[in-house]
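Heads up, coords09.pdb below (PDB, C-alpha atoms, pLDDT in the B column):
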MODEL        1
ATOM      1  CA  MET A 815     -25.939 -17.726 -11.311  1.00 61.00           C
ATOM      2  CA  MET A 816     -24.382 -15.530 -14.029  1.00 70.00           C
ATOM      3  CA  GLU A 817     -26.793 -12.691 -13.195  1.00 80.00           C
ATOM      4  CA  LYS A 818     -25.464 -12.722  -9.624  1.00 75.00           C
ATOM      5  CA  TYR A 819     -21.892 -12.311 -10.897  1.00 72.00           C
ATOM      6  CA  LEU A 820     -22.877  -9.575 -13.332  1.00 77.00           C
ATOM      7  CA  SER A 821     -24.532  -7.720 -10.476  1.00 81.00           C
ATOM      8  CA  ILE A 822     -21.340  -8.002  -8.392  1.00 77.00           C
ATOM      9  CA  ILE A 823     -19.205  -6.785 -11.315  1.00 78.00           C
ATOM     10  CA  LYS A 824     -21.516  -3.793 -11.831  1.00 81.00           C
ATOM     11  CA  ASP A 825     -21.331  -2.960  -8.108  1.00 82.00           C
ATOM     12  CA  VAL A 826     -17.522  -3.096  -8.149  1.00 80.00           C
ATOM     13  CA  ALA A 827     -17.371  -0.919 -11.291  1.00 82.00           C
ATOM     14  CA  LYS A 828     -19.708   1.579  -9.627  1.00 85.00           C
ATOM     15  CA  THR A 829     -17.498   1.633  -6.512  1.00 84.00           C
ATOM     16  CA  VAL A 830     -14.321   2.094  -8.576  1.00 84.00           C
ATOM     17  CA  ARG A 831     -15.916   4.968 -10.493  1.00 87.00           C
ATOM     18  CA  LYS A 832     -17.025   6.634  -7.249  1.00 89.00           C
ATOM     19  CA  GLU A 833     -13.601   6.181  -5.584  1.00 87.00           C
ATOM     20  CA  HIS A 834     -11.951   7.890  -8.552  1.00 88.00           C
ATOM     21  CA  GLY A 835     -14.477  10.693  -9.024  1.00 91.00           C
ATOM     22  CA  LEU A 836     -15.907   9.325 -12.272  1.00 91.00           C
ATOM     23  CA  SER A 837     -19.575   9.498 -13.219  1.00 92.00           C
ATOM     24  CA  GLU A 838     -21.607   6.323 -13.708  1.00 88.00           C
ATOM     25  CA  SER A 839     -21.584   6.898 -17.458  1.00 88.00           C
ATOM     26  CA  THR A 840     -17.791   7.229 -17.645  1.00 87.00           C
ATOM     27  CA  VAL A 841     -16.070   4.363 -19.423  1.00 84.00           C
ATOM     28  CA  ILE A 842     -13.506   3.032 -16.935  1.00 83.00           C
ATOM     29  CA  GLY A 843     -11.301   1.836 -19.799  1.00 83.00           C
ATOM     30  CA  ASP A 844     -10.461   5.438 -20.640  1.00 85.00           C
ATOM     31  CA  TYR A 845      -8.901   5.785 -17.169  1.00 90.00           C
ATOM     32  CA  ILE A 846      -7.673   2.241 -16.559  1.00 90.00           C
ATOM     33  CA  PHE A 847      -4.000   3.060 -16.094  1.00 93.00           C
ATOM     34  CA  SER A 848      -4.568   6.069 -13.833  1.00 91.00           C
ATOM     35  CA  ILE A 849      -6.961   3.989 -11.704  1.00 90.00           C
ATOM     36  CA  LEU A 850      -4.363   1.228 -11.399  1.00 90.00           C
ATOM     37  CA  GLN A 851      -1.623   3.732 -10.537  1.00 91.00           C
ATOM     38  CA  ASP A 852      -3.763   5.084  -7.693  1.00 87.00           C
ATOM     39  CA  ASP A 853      -3.884   1.656  -6.065  1.00 82.00           C
ATOM     40  CA  CYS A 854      -0.595  -0.043  -6.954  1.00 89.00           C
ATOM     41  CA  VAL A 855       2.773   0.263  -8.630  1.00 92.00           C
ATOM     42  CA  VAL A 856       2.404  -0.181 -12.398  1.00 94.00           C
ATOM     43  CA  LEU A 857       5.452  -1.331 -14.349  1.00 94.00           C
ATOM     44  CA  GLN A 858       5.262  -0.987 -18.111  1.00 95.00           C
ATOM     45  CA  TYR A 859       8.047  -2.582 -20.096  1.00 94.00           C
ATOM     46  CA  PRO A 860       8.339  -4.267 -23.514  1.00 95.00           C
ATOM     47  CA  GLU A 861       9.048  -7.992 -23.148  1.00 93.00           C
ATOM     48  CA  GLU A 862       9.277  -9.177 -26.748  1.00 93.00           C
ATOM     49  CA  ASN A 863      11.012 -12.478 -25.915  1.00 93.00           C
ATOM     50  CA  GLN A 864       7.952 -13.844 -24.074  1.00 89.00           C
ATOM     51  CA  PRO A 865       5.043 -13.706 -26.530  1.00 87.00           C
ATOM     52  CA  ASP A 866       2.614 -15.380 -24.100  1.00 91.00           C
ATOM     53  CA  LEU A 867       3.212 -12.804 -21.364  1.00 93.00           C
ATOM     54  CA  ASP A 868       0.634 -10.004 -21.406  1.00 94.00           C
ATOM     55  CA  GLY A 869       1.095  -8.978 -17.806  1.00 93.00           C
ATOM     56  CA  PHE A 870       0.588 -10.023 -14.213  1.00 92.00           C
ATOM     57  CA  SER A 871       0.092  -8.734 -10.704  1.00 89.00           C
ATOM     58  CA  THR A 872       1.876  -9.662  -7.522  1.00 89.00           C
ATOM     59  CA  MET A 873       2.399  -8.497  -3.964  1.00 87.00           C
ATOM     60  CA  LYS A 874       5.849  -7.382  -2.826  1.00 89.00           C
ATOM     61  CA  VAL A 875       7.073  -6.233   0.554  1.00 90.00           C
ATOM     62  CA  ILE A 876       9.054  -3.014   0.209  1.00 86.00           C
ATOM     63  CA  ASP A 877      10.495  -1.410   3.352  1.00 92.00           C
ATOM     64  CA  GLY A 878       8.128  -3.552   5.433  1.00 93.00           C
ATOM     65  CA  ILE A 879       5.028  -2.439   3.512  1.00 89.00           C
ATOM     66  CA  GLU A 880       2.954  -4.755   1.314  1.00 87.00           C
ATOM     67  CA  VAL A 881       2.746  -3.206  -2.150  1.00 88.00           C
ATOM     68  CA  ASN A 882       0.591  -4.393  -5.038  1.00 88.00           C
ATOM     69  CA  VAL A 883       2.586  -4.438  -8.283  1.00 92.00           C
ATOM     70  CA  VAL A 884       1.131  -4.772 -11.790  1.00 94.00           C
ATOM     71  CA  TYR A 885       3.318  -5.453 -14.826  1.00 95.00           C
ATOM     72  CA  ILE A 886       2.042  -4.668 -18.335  1.00 96.00           C
ATOM     73  CA  ASN A 887       3.936  -5.897 -21.397  1.00 96.00           C
ATOM     74  CA  THR A 888       4.177  -2.851 -23.679  1.00 96.00           C
ATOM     75  CA  ALA A 889       5.376  -5.024 -26.576  1.00 96.00           C
ATOM     76  CA  LYS A 890       1.682  -5.931 -26.973  1.00 95.00           C
ATOM     77  CA  ASN A 891      -0.745  -3.769 -28.934  1.00 94.00           C
ATOM     78  CA  THR A 892      -2.751  -1.077 -27.135  1.00 92.00           C
ATOM     79  CA  GLU A 893      -5.921  -3.162 -27.014  1.00 92.00           C
ATOM     80  CA  LYS A 894      -4.087  -6.069 -25.360  1.00 93.00           C
ATOM     81  CA  GLN A 895      -2.431  -3.704 -22.859  1.00 94.00           C
ATOM     82  CA  ASN A 896      -5.795  -2.167 -21.958  1.00 92.00           C
ATOM     83  CA  PHE A 897      -7.412  -5.588 -21.591  1.00 91.00           C
ATOM     84  CA  CYS A 898      -4.542  -6.760 -19.388  1.00 92.00           C
ATOM     85  CA  ALA A 899      -4.774  -3.609 -17.257  1.00 93.00           C
ATOM     86  CA  ALA A 900      -8.539  -4.121 -16.819  1.00 88.00           C
ATOM     87  CA  HIS A 901      -7.972  -7.777 -15.947  1.00 86.00           C
ATOM     88  CA  GLU A 902      -5.362  -6.857 -13.331  1.00 88.00           C
ATOM     89  CA  LEU A 903      -7.686  -4.152 -11.971  1.00 86.00           C
ATOM     90  CA  GLY A 904     -10.148  -7.002 -11.417  1.00 81.00           C
ATOM     91  CA  HIS A 905      -7.552  -8.709  -9.244  1.00 80.00           C
ATOM     92  CA  GLN A 906      -6.712  -5.473  -7.424  1.00 78.00           C
ATOM     93  CA  SER A 907     -10.426  -4.832  -6.828  1.00 74.00           C
ATOM     94  CA  GLY A 908     -10.825  -8.283  -5.323  1.00 67.00           C
ATOM     95  CA  LEU A 909     -13.191  -9.229  -8.114  1.00 65.00           C
ATOM     96  CA  VAL A 910     -11.232 -12.114  -9.616  1.00 59.00           C
ATOM     97  CA  ASN A 911      -8.990 -14.515  -7.760  1.00 55.00           C
ATOM     98  CA  PRO A 912      -6.341 -16.662  -9.481  1.00 47.00           C
ATOM     99  CA  GLU A 913      -8.784 -19.569  -9.868  1.00 48.00           C
ATOM    100  CA  GLY A 914     -11.136 -17.334 -11.859  1.00 47.00           C
ATOM    101  CA  LEU A 915     -13.880 -17.332  -9.227  1.00 44.00           C
ATOM    102  CA  VAL A 916     -15.813 -14.128  -8.804  1.00 42.00           C
ATOM    103  CA  PHE A 917     -16.199 -12.776  -5.300  1.00 39.00           C
ATOM    104  CA  ARG A 918     -16.302  -9.445  -3.517  1.00 36.00           C
ATOM    105  CA  VAL A 919     -13.739  -8.210  -1.056  1.00 36.00           C
ATOM    106  CA  PHE A 920     -12.742  -4.734  -0.097  1.00 33.00           C
ATOM    107  CA  ARG A 921      -9.798  -3.131  -1.768  1.00 36.00           C
ATOM    108  CA  ARG A 922      -6.935  -1.743   0.232  1.00 37.00           C
ATOM    109  CA  LYS A 923      -5.474   1.543  -0.868  1.00 37.00           C
ATOM    110  CA  LEU A 924      -1.749   2.126  -0.706  1.00 36.00           C
ATOM    111  CA  ALA A 925      -0.636   4.792   1.703  1.00 37.00           C
ATOM    112  CA  SER A 926       0.511   7.853  -0.180  1.00 36.00           C
TER     113      SER A 926
ENDMDL
END

I'd like the structure from this file rewritten - as structure tokens, please.
Amino acid sequence: MMEKYLSIIKDVAKTVRKEHGLSESTVIGDYIFSILQDDCVVLQYPEENQPDLDGFSTMKVIDGIEVNVVYINTAKNTEKQNFCAAHELGHQSGLVNPEGLVFRVFRRKLAS
């Protein structure tokens, strides 16, 4: 069962790389924030009073348009911010739903 999920994850990573003009050998982590910013609004703000909050994603309606929003807590160290951004990219890619189940759906791009 795990091999099936790994195969799906690899396919999604390959698709994300292709959509963003990155080669198959490119480490997505090096471009995680620019990839997220292509597909959603990314808010980065230090929230030191909530130590358990790394970040989250949500959908907001702005001027009648559904917009994906990702918040990253910049009070966390760089590694934690990058992990959180990658995790939220998983949600934006349709790879991980809130229950932690892995599935494949197609991503919607925001209109420029």

Requested in this report: Would you translate the PyMOL selection byres ((chain A and resi 852-865) around 7) into the concrete set of residues it matches in this file, as a PyMOL selection string?
Outcome: chain A and resi 848-851+866-867+881-889+923-924

Taking all listed atoms of region 825-844 of chain A, build the axis-aligned box, pad each of the six sides by 8 Å, then write its centre and edge lengths in Å to one decimal as lines of an AutoDock Vina configuration file.
center_x = -16.0
center_y = 3.8
center_z = -13.1
size_x = 27.1
size_y = 29.8
size_z = 31.1

Query raised in the report: Any idea what's packed within 10 Å of Ile846 (chain A), counting all atoms listed in the file, ignoring anything in its chain fewer than 2 positions away? Could you give it as a PyMOL selection string?
Result: chain A and resi 841-844+848-851+896-900+902-903

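Between CA of Ser839 (chain A) and CA of Ile822 (chain A) the separation is 17.4 Å.
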
Report summary line: From CA of Ser907 (chain A) to CA of Gly869 (chain A) the spacing works out at 16.4 Å

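In this model, the gap between CA of Lys824 (chain A) and CA of Glu838 (chain A) comes to 10.3 Å.
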
Any chance you could export region 849-865 of chain A with all heavy atoms, as an mmCIF file, in the first residue's frame?
data_model
loop_
_atom_site.group_PDB
_atom_site.id
_atom_site.type_symbol
_atom_site.label_atom_id
_atom_site.label_comp_id
_atom_site.auth_asym_id
_atom_site.auth_seq_id
_atom_site.Cartn_x
_atom_site.Cartn_y
_atom_site.Cartn_z
ATOM 1 N N ILE A 849 6.986 28.437 -5.688
ATOM 2 C CA ILE A 849 5.950 27.533 -6.197
ATOM 3 C C ILE A 849 4.622 27.842 -5.515
ATOM 4 O O ILE A 849 3.588 27.963 -6.172
ATOM 5 C CB ILE A 849 6.354 26.059 -5.997
ATOM 6 C CG1 ILE A 849 7.526 25.702 -6.916
ATOM 7 C CG2 ILE A 849 5.163 25.135 -6.249
ATOM 8 C CD1 ILE A 849 8.142 24.341 -6.628
ATOM 9 N N LEU A 850 4.643 27.978 -4.201
ATOM 10 C CA LEU A 850 3.417 28.304 -3.467
ATOM 11 C C LEU A 850 2.834 29.632 -3.935
ATOM 12 O O LEU A 850 1.627 29.760 -4.137
ATOM 13 C CB LEU A 850 3.695 28.390 -1.966
ATOM 14 C CG LEU A 850 3.552 27.126 -1.147
ATOM 15 C CD1 LEU A 850 3.941 27.385 0.303
ATOM 16 C CD2 LEU A 850 2.155 26.543 -1.224
ATOM 17 N N GLN A 851 3.692 30.633 -4.120
ATOM 18 C CA GLN A 851 3.218 31.963 -4.513
ATOM 19 C C GLN A 851 2.621 31.970 -5.909
ATOM 20 O O GLN A 851 1.811 32.838 -6.230
ATOM 21 C CB GLN A 851 4.340 32.984 -4.384
ATOM 22 C CG GLN A 851 4.681 33.262 -2.938
ATOM 23 C CD GLN A 851 5.961 34.053 -2.749
ATOM 24 O OE1 GLN A 851 6.752 34.203 -3.655
ATOM 25 N NE2 GLN A 851 6.161 34.547 -1.536
ATOM 26 N N ASP A 852 2.993 30.998 -6.742
ATOM 27 C CA ASP A 852 2.384 30.893 -8.070
ATOM 28 C C ASP A 852 0.933 30.427 -7.976
ATOM 29 O O ASP A 852 0.126 30.730 -8.852
ATOM 30 C CB ASP A 852 3.153 29.900 -8.948
ATOM 31 C CG ASP A 852 4.429 30.481 -9.515
ATOM 32 O OD1 ASP A 852 4.631 31.708 -9.409
ATOM 33 O OD2 ASP A 852 5.221 29.695 -10.066
ATOM 34 N N ASP A 853 0.616 29.669 -6.939
ATOM 35 C CA ASP A 853 -0.688 29.020 -6.857
ATOM 36 C C ASP A 853 -1.607 29.575 -5.780
ATOM 37 O O ASP A 853 -2.778 29.210 -5.725
ATOM 38 C CB ASP A 853 -0.507 27.522 -6.606
ATOM 39 C CG ASP A 853 0.181 26.845 -7.781
ATOM 40 O OD1 ASP A 853 -0.045 27.274 -8.923
ATOM 41 O OD2 ASP A 853 0.939 25.897 -7.552
ATOM 42 N N CYS A 854 -1.098 30.409 -4.891
ATOM 43 C CA CYS A 854 -1.934 30.916 -3.801
ATOM 44 C C CYS A 854 -1.301 32.170 -3.200
ATOM 45 O O CYS A 854 -0.193 32.536 -3.541
ATOM 46 C CB CYS A 854 -2.124 29.846 -2.735
ATOM 47 S SG CYS A 854 -0.612 29.221 -2.014
ATOM 48 N N VAL A 855 -2.040 32.777 -2.294
ATOM 49 C CA VAL A 855 -1.516 33.919 -1.553
ATOM 50 C C VAL A 855 -0.747 33.361 -0.360
ATOM 51 O O VAL A 855 -1.272 32.526 0.384
ATOM 52 C CB VAL A 855 -2.666 34.828 -1.064
ATOM 53 C CG1 VAL A 855 -2.137 35.929 -0.162
ATOM 54 C CG2 VAL A 855 -3.425 35.393 -2.249
ATOM 55 N N VAL A 856 0.501 33.781 -0.193
ATOM 56 C CA VAL A 856 1.319 33.313 0.924
ATOM 57 C C VAL A 856 1.528 34.474 1.888
ATOM 58 O O VAL A 856 2.053 35.518 1.508
ATOM 59 C CB VAL A 856 2.687 32.773 0.450
ATOM 60 C CG1 VAL A 856 3.528 32.326 1.634
ATOM 61 C CG2 VAL A 856 2.497 31.625 -0.533
ATOM 62 N N LEU A 857 1.082 34.282 3.120
ATOM 63 C CA LEU A 857 1.274 35.276 4.175
ATOM 64 C C LEU A 857 2.367 34.778 5.103
ATOM 65 O O LEU A 857 2.282 33.663 5.605
ATOM 66 C CB LEU A 857 -0.022 35.475 4.962
ATOM 67 C CG LEU A 857 -1.245 35.884 4.153
ATOM 68 C CD1 LEU A 857 -2.478 35.911 5.043
ATOM 69 C CD2 LEU A 857 -1.027 37.231 3.492
ATOM 70 N N GLN A 858 3.374 35.588 5.307
ATOM 71 C CA GLN A 858 4.469 35.236 6.200
ATOM 72 C C GLN A 858 4.523 36.282 7.296
ATOM 73 O O GLN A 858 4.694 37.465 7.016
ATOM 74 C CB GLN A 858 5.787 35.175 5.430
ATOM 75 C CG GLN A 858 5.803 34.077 4.386
ATOM 76 C CD GLN A 858 7.034 34.129 3.532
ATOM 77 O OE1 GLN A 858 7.125 34.946 2.626
ATOM 78 N NE2 GLN A 858 7.989 33.266 3.826
ATOM 79 N N TYR A 859 4.356 35.822 8.530
ATOM 80 C CA TYR A 859 4.297 36.741 9.656
ATOM 81 C C TYR A 859 4.761 36.030 10.912
ATOM 82 O O TYR A 859 4.412 34.873 11.127
ATOM 83 C CB TYR A 859 2.853 37.231 9.837
ATOM 84 C CG TYR A 859 2.704 38.299 10.885
ATOM 85 C CD1 TYR A 859 3.050 39.620 10.616
ATOM 86 C CD2 TYR A 859 2.238 37.988 12.158
ATOM 87 C CE1 TYR A 859 2.926 40.600 11.580
ATOM 88 C CE2 TYR A 859 2.105 38.965 13.132
ATOM 89 C CZ TYR A 859 2.457 40.269 12.843
ATOM 90 O OH TYR A 859 2.338 41.241 13.789
ATOM 91 N N PRO A 860 5.544 36.703 11.769
ATOM 92 C CA PRO A 860 5.985 36.054 13.016
ATOM 93 C C PRO A 860 4.869 36.035 14.061
ATOM 94 O O PRO A 860 4.332 37.081 14.406
ATOM 95 C CB PRO A 860 7.155 36.917 13.476
ATOM 96 C CG PRO A 860 6.879 38.270 12.894
ATOM 97 C CD PRO A 860 6.144 38.020 11.602
ATOM 98 N N GLU A 861 4.502 34.866 14.507
ATOM 99 C CA GLU A 861 3.483 34.711 15.555
ATOM 100 C C GLU A 861 4.132 34.006 16.737
ATOM 101 O O GLU A 861 4.050 32.792 16.890
ATOM 102 C CB GLU A 861 2.284 33.906 15.027
ATOM 103 C CG GLU A 861 1.138 33.783 15.991
ATOM 104 C CD GLU A 861 0.628 35.117 16.495
ATOM 105 O OE1 GLU A 861 0.103 35.903 15.690
ATOM 106 O OE2 GLU A 861 0.764 35.373 17.710
ATOM 107 N N GLU A 862 4.825 34.781 17.557
ATOM 108 C CA GLU A 862 5.601 34.230 18.670
ATOM 109 C C GLU A 862 4.730 33.802 19.848
ATOM 110 O O GLU A 862 5.154 33.004 20.677
ATOM 111 C CB GLU A 862 6.643 35.246 19.114
ATOM 112 C CG GLU A 862 7.658 35.519 18.004
ATOM 113 C CD GLU A 862 8.551 36.706 18.286
ATOM 114 O OE1 GLU A 862 8.345 37.403 19.294
ATOM 115 O OE2 GLU A 862 9.461 36.938 17.475
ATOM 116 N N ASN A 863 3.510 34.310 19.938
ATOM 117 C CA ASN A 863 2.636 33.991 21.069
ATOM 118 C C ASN A 863 1.897 32.668 20.909
ATOM 119 O O ASN A 863 1.157 32.274 21.798
ATOM 120 C CB ASN A 863 1.625 35.122 21.301
ATOM 121 C CG ASN A 863 2.315 36.405 21.716
ATOM 122 O OD1 ASN A 863 3.344 36.376 22.386
ATOM 123 N ND2 ASN A 863 1.763 37.526 21.297
ATOM 124 N N GLN A 864 2.064 31.999 19.771
ATOM 125 C CA GLN A 864 1.425 30.698 19.550
ATOM 126 C C GLN A 864 2.495 29.698 19.123
ATOM 127 O O GLN A 864 2.667 29.423 17.938
ATOM 128 C CB GLN A 864 0.324 30.817 18.501
ATOM 129 C CG GLN A 864 -0.812 31.700 18.956
ATOM 130 C CD GLN A 864 -2.038 31.524 18.091
ATOM 131 O OE1 GLN A 864 -2.247 30.491 17.488
ATOM 132 N NE2 GLN A 864 -2.860 32.544 18.061
ATOM 133 N N PRO A 865 3.209 29.129 20.086
ATOM 134 C CA PRO A 865 4.340 28.254 19.763
ATOM 135 C C PRO A 865 3.966 26.979 19.002
ATOM 136 O O PRO A 865 4.809 26.395 18.331
ATOM 137 C CB PRO A 865 4.936 27.917 21.126
ATOM 138 C CG PRO A 865 3.846 28.192 22.106
ATOM 139 C CD PRO A 865 3.006 29.276 21.513
#
